[in-house]
Amino acid sequence: MLYALLGGFGVAALAPWLHQLFGRHSGWALALWPATLFIYFSGFLAGVNDGPVLLQHNWIPSLGIQLSFMVDGLSLLFALLISGIGIFIVAFAGRYLEGHRDLGRFYAILLAFMASMLGLVLSDNLIALFVFWELTSITSYLLIGFNHEDAAARRSALQGLFVTVGGGLALMTGLIMLAMVGGSYELSSLLNQGDVIREHALYAPMLWLILLGAFTKSAQFPFHFWLPNAMAAPTPVSAYLHSATMVKAGVYLLARLNPALGGTELWLTVLGSVGAITLFIGIWLALRSTGIKKVLAYSTVMALGTLTMLIGLGTPLAVTAAMAFLLAHSLYKGALFMVAGIIDHETGSKDLRDTGGLFRAMPITAVVAGIAALSLAGVIPMFGFVAKELLFDAALKNAASWILALVIAGTIMTVAVGALIGFLPWYGAPVKTKKQPHEPAPALLAGPVVLALLGLGFGIAAPWVDRMLLGAAATAVAGVPVDYPVSLWHGFNTPLLLSIISLIAGLLLYRWRQHFHHHTRFTEVLARTGPERGYDLVMAWLIKVSAWQTGFFQSGYLRYYLLIILLTFMALVWTVLLLYWPALSFGIHLQGIQLHEYVLVFVLMAAAVAAARTDSRLGAVASLGAVGFTVALLYVMFSAPDLGITQVLVETLTVILLVLVLFRLPKFLRLTSTALRLRDVLVASAVGITMTCLLLFAADARLYESISHWHVAQSVPSGYGRNIVNVILVDFRALDTLGEIFVLALAATGVLAMIRLRAEDKRK
């Protein structure tokens, strides 16, 4: 398993070279990797009904973190979709982008994205899951912005990145809280702790954080706007993102955590409401759109809302419907997006209004599009019909009446959208296109043909699909065995009646779609003031705030930088000290201090005051040198002669360096007012008091025995030296000492360079 996932990143790294090696056939060559993965994951089908398979590898043993993977019905369903559809996406991309100068780079990002998505759905460890989660955000950003010279593509890529990564930060916090409450970072363990997690005081905030991450990733209302804008990406990216990968990552997470977090009133209310609203808004906007990819993108929003709503209901019937709908949507949406790419590639048209009568020139593509559109509309015997029947049945038995109403309305509009895609471009009067339309190459047509036929075959063989995979996937989501019968025909019942009504009403809505557009123009105003407008306002506000804070803090004056740093430091330190003041204590112990020690402290203070008060640069250098040499004497007095010698060397070098630079300069000038100088005195005094208090608190708050005893005991047996200071510096703190030596060498190099520069000036 580990090699299968990491191998994907290896193939991605080699993709540009392989593209050069295989040329125009590189798409088929690179498609061998997802094909290999599909065969590998298919090997788990035989035992998927026997329970999850856990595979573990040590990752960070010191922290108890493992790189672990879990293969059960849910993760296997996603893995097969990701790798299986990935075969045709890679081959499709090779021909669709043939001749593009950056095709090798595209392959690399696409395969890395595929590997990231597989890692996400197969990870059993929360840390690994989050790492792969963020990798999908980064790689999808690169894919959406692949045409980086296009301003629209860059904007859409950034929008998707900001929304999903922002949600990812919330998700990270929620996952950490989940691990703390459940006592493990392993999903296989957490899924068995549902009662403990749901009863914990942190359940509600944890759930909100996790839902925020899932909703942003899977484009739930009010974050749905980024997904249609991602259509700026090349069509292979759109087909892959919408059918089997990134946008379903949030749905996967909700389904995976359902046994641990689901079943509560909060879970049902939030997921059911948000899912139903997203369903309705998505299909409403799809029906109002005219761009082929936009229509498909908004219908994906509808599908994601449907899946979220069904997972929120959480009953065995609902989760079975969710898994069936997930499979059906992946098949028909992958096919339809590739058909949209074919229309663009072969005719140059991207808008439904610029197409018509293409059946004569592209009969095979038209038939494939029709089959996939029938599955989208939920027409018997397509697998989309099976999923729609289960959806109606779950909504009738478990959903609130207003949710059921939105489901029925959404299904009616879905039928109309299916007619838009499956009929409008292919029949009627021919429309003149930018290119002469013709059937595409096999690499472009293979994916839509296979996926559309699978949608038909799975519908006819629905019980077999249920036994092979859907039942195990539903069991993984429900957390208990699920054995709800899935078949093409359940007899004449209420769900079938609703299917017939939605089909007839949807066709009538398609027939009168112009009236629908005319009477729903008010939604354009809502779109301009909706969530995307809020996103634009937030981004504009961030730019303004950034410009203000840059102008305020980045003034170009070192004194202001130091002032801000010191004030921030004091604010943070005193905030903590005041919060913990009752538990803190410190004492000033003056017993045993001798006269010469008082003298040294007095000299130290007098030299510091003189350095601050003098008008002479050389006087300031001398005073600072006196401070340093006095500190060296303190080291010697407290049995640290080595440190004293080091201090003397540093101070000597510093004084020489400053004298060589400053002795020709005039006296200090008074460039600031008395008020500003008084301010600086107060800030400096406050910093000094803060450091003194901090040290006194720290010295009096020792929680453990001093480590000095260990150094004394280990000096000879471990460091082979009786000079304890030398042993500490050379053995126990070797890297720290190396850094100090580097600083000294750097300073000496600077002095040497300045002396030589002055000598060269004299020769000139």
# chains A, B, ... in the order shown; residues from 1 in each chain; ligands from 1
>>> residues_around(residues="region 255-267 of chain A", least_positions_apart="5", cutoff="10 Å", atoms="only C-alpha atoms", output="PyMOL selection string")
chain A and resi 74-75+121+178+182+187+189-199+203-204+206-208+210-211+249-250+272-273+307-308+310-315+319+322-323+473-480
>>> closest_residue(among="A:His224, A:His596, A:His148, A:His518", to="Leu634 (chain A)", atoms="only C-alpha atoms")
A:His596
>>> residues_around(residues="Met691 (chain A)", least_positions_apart="4", cutoff="12 Å", atoms="only C-alpha atoms", output="PyMOL selection string")
chain A and resi 566+569-570+573-574+577+684-687+695-698
>>> write_last_selection(atoms="C-alpha atoms", output="short mmCIF file (atom, residue, chain, number, x, y, z; two decimals), in the first residue's frame")
data_model
loop_
_atom_site.label_atom_id
_atom_site.label_comp_id
_atom_site.auth_asym_id
_atom_site.auth_seq_id
_atom_site.Cartn_x
_atom_site.Cartn_y
_atom_site.Cartn_z
CA LEU A 566 10.25 45.58 22.46
CA PHE A 569 7.64 41.54 23.78
CA MET A 570 6.66 43.32 26.99
CA VAL A 573 5.34 38.69 28.76
CA TRP A 574 3.27 40.80 31.14
CA LEU A 577 2.70 37.07 34.13
CA ALA A 684 14.38 50.93 27.89
CA SER A 685 13.73 51.00 31.63
CA ALA A 686 10.51 49.04 31.22
CA VAL A 687 12.28 46.38 29.15
CA LEU A 695 14.47 36.06 35.37
CA LEU A 696 13.51 36.31 39.04
CA PHE A 697 10.23 34.50 38.42
CA ALA A 698 12.00 31.81 36.40
#
>>> residues_around(residues="Ala29 (chain A)", least_positions_apart="4", cutoff="10 Å", atoms="only C-alpha atoms", output="PyMOL selection string")
chain A and resi 15+18-19+21-25+33+90-91+94
>>> atom_distance(atom1="CA of Leu729 (chain A)", atom2="CA of Gly592 (chain A)")
29.2 Å
>>> residues_around(residues="Leu37 (chain A)", least_positions_apart="4", cutoff="8 Å", atoms="only C-alpha atoms", output="MDAnalysis selection string")
chainID A and resid 4 33 41 83
>>> write_last_selection(atoms="C-alpha atoms", output="PDB file, in the first residue's frame")
ATOM      1  CA  ALA A   4       1.372   2.165  -4.282  1.00  0.00           C
ATOM      2  CA  TRP A  33       0.045   3.737 -13.688  1.00  0.00           C
ATOM      3  CA  PHE A  41      -7.199  -2.191  -5.499  1.00  0.00           C
ATOM      4  CA  SER A  83      -7.746   5.160 -10.115  1.00  0.00           C
TER       5      SER A  83
END
>>> closest_residue(among="A:Met539, A:Val163, A:Val71, A:Leu126", to="Met180 (chain A)", atoms="only C-alpha atoms")
A:Leu126
>>> select_by_dssp(residues="region 394-566 of chain A", states="helix (DSSP H, G or I)", output="NGL selection string")
:A and (394-398 or 401-422 or 442-460 or 462-478 or 494-511 or 513-519 or 522-528 or 531-553 or 558-566)
>>> closest_residue(among="A:Ile380, A:Ala321, A:Val415, A:Ile500", to="Ala286 (chain A)", atoms="only C-alpha atoms")
A:Val415
>>> residues_around(residues="Thr494 (chain A)", least_positions_apart="5", cutoff="10 Å", atoms="only C-alpha atoms", output="PyMOL selection string")
chain A and resi 389+392-393+396+499-500
>>> write_last_selection(atoms="C-alpha atoms", output="short mmCIF file (atom, residue, chain, number, x, y, z; two decimals), in the first residue's frame")
data_model
loop_
_atom_site.label_atom_id
_atom_site.label_comp_id
_atom_site.auth_asym_id
_atom_site.auth_seq_id
_atom_site.Cartn_x
_atom_site.Cartn_y
_atom_site.Cartn_z
CA GLU A 389 -35.17 5.81 -6.26
CA PHE A 392 -36.64 9.48 -2.81
CA ASP A 393 -37.17 6.53 -0.48
CA LEU A 396 -39.75 10.14 2.27
CA SER A 499 -39.64 9.56 -10.33
CA ILE A 500 -42.34 9.61 -13.01
#
>>> closest_residue(among="A:Pro363, A:Ile543, A:Trp284, A:Leu55", to="Asn125 (chain A)", atoms="only C-alpha atoms")
A:Leu55
>>> closest_residue(among="A:Leu296, A:Ala540, A:Ala373, A:Leu14", to="Gly104 (chain A)", atoms="only C-alpha atoms")
A:Leu14
>>> residues_around(residues="region 168-174 of chain A", least_positions_apart="6", cutoff="9 Å", atoms="only C-alpha atoms", output="PyMOL selection string")
chain A and resi 127+130+133-134+137+205-214+216-217
>>> closest_residue(among="A:Leu653, A:Phe553, A:Leu142, A:Val301", to="Ala112 (chain A)", atoms="only C-alpha atoms")
A:Leu142
